[in-house]
Amino acid sequence: MLLAAIGGILIPSFAMPASFQGVMKLSPLHWCLEAFYGLFLEGGKLKDVLLNILTLLGITLLIQVITLYTLKRKNLI
């Protein structure tokens, strides 16, 4: 529930204080929601949400690199 609130799913971003809006940009849920709004609600094209998709791919890559490093450090792979 907390991550959904931070990501802007439970509470709209315009209703959040400025400090939370900065933290919200770190959440993958925020980037997914923005891409969804851009494609389906605003009738955008794929190029309109390309920044959101690239950001999500970057977050995914970062998490996978951290996981790989941690598993290697613990000799699990």
# chains A, B, ... in the order shown; residues from 1 in each chain; ligands from 1
call {"tool": "residues_around", "arguments": {"residues": "A:Glu34", "least_positions_apart": "2", "cutoff": "12 Å", "atoms": "only C-alpha atoms", "output": "list in words"}}
result
Gly7, Gly8, Ile9, Pro12, Ser13, Met24, Lys25, Ser27, Pro28, Leu29, His30, Trp31, Cys32, Phe36, Tyr37, Gly38, Leu39, Phe40, Leu41, Glu42, Gly44, Asp48, Val49, Leu50, Leu51, Asn52, Ile53, Thr55 and Leu56 of chain A
call {"tool": "atom_distance", "arguments": {"atom1": "atom CA of A:Val23", "atom2": "atom CA of A:Gly58"}}
result
16.9 Å
call {"tool": "select_by_dssp", "arguments": {"residues": "chain A", "states": "alpha helix (DSSP H)", "output": "VMD selection string"}}
result
chain A and resid 2 to 7 18 to 24 28 to 36 50 to 73
call {"tool": "atom_distance", "arguments": {"atom1": "atom CA of A:Ile59", "atom2": "atom CA of A:Met16"}}
result
22.9 Å
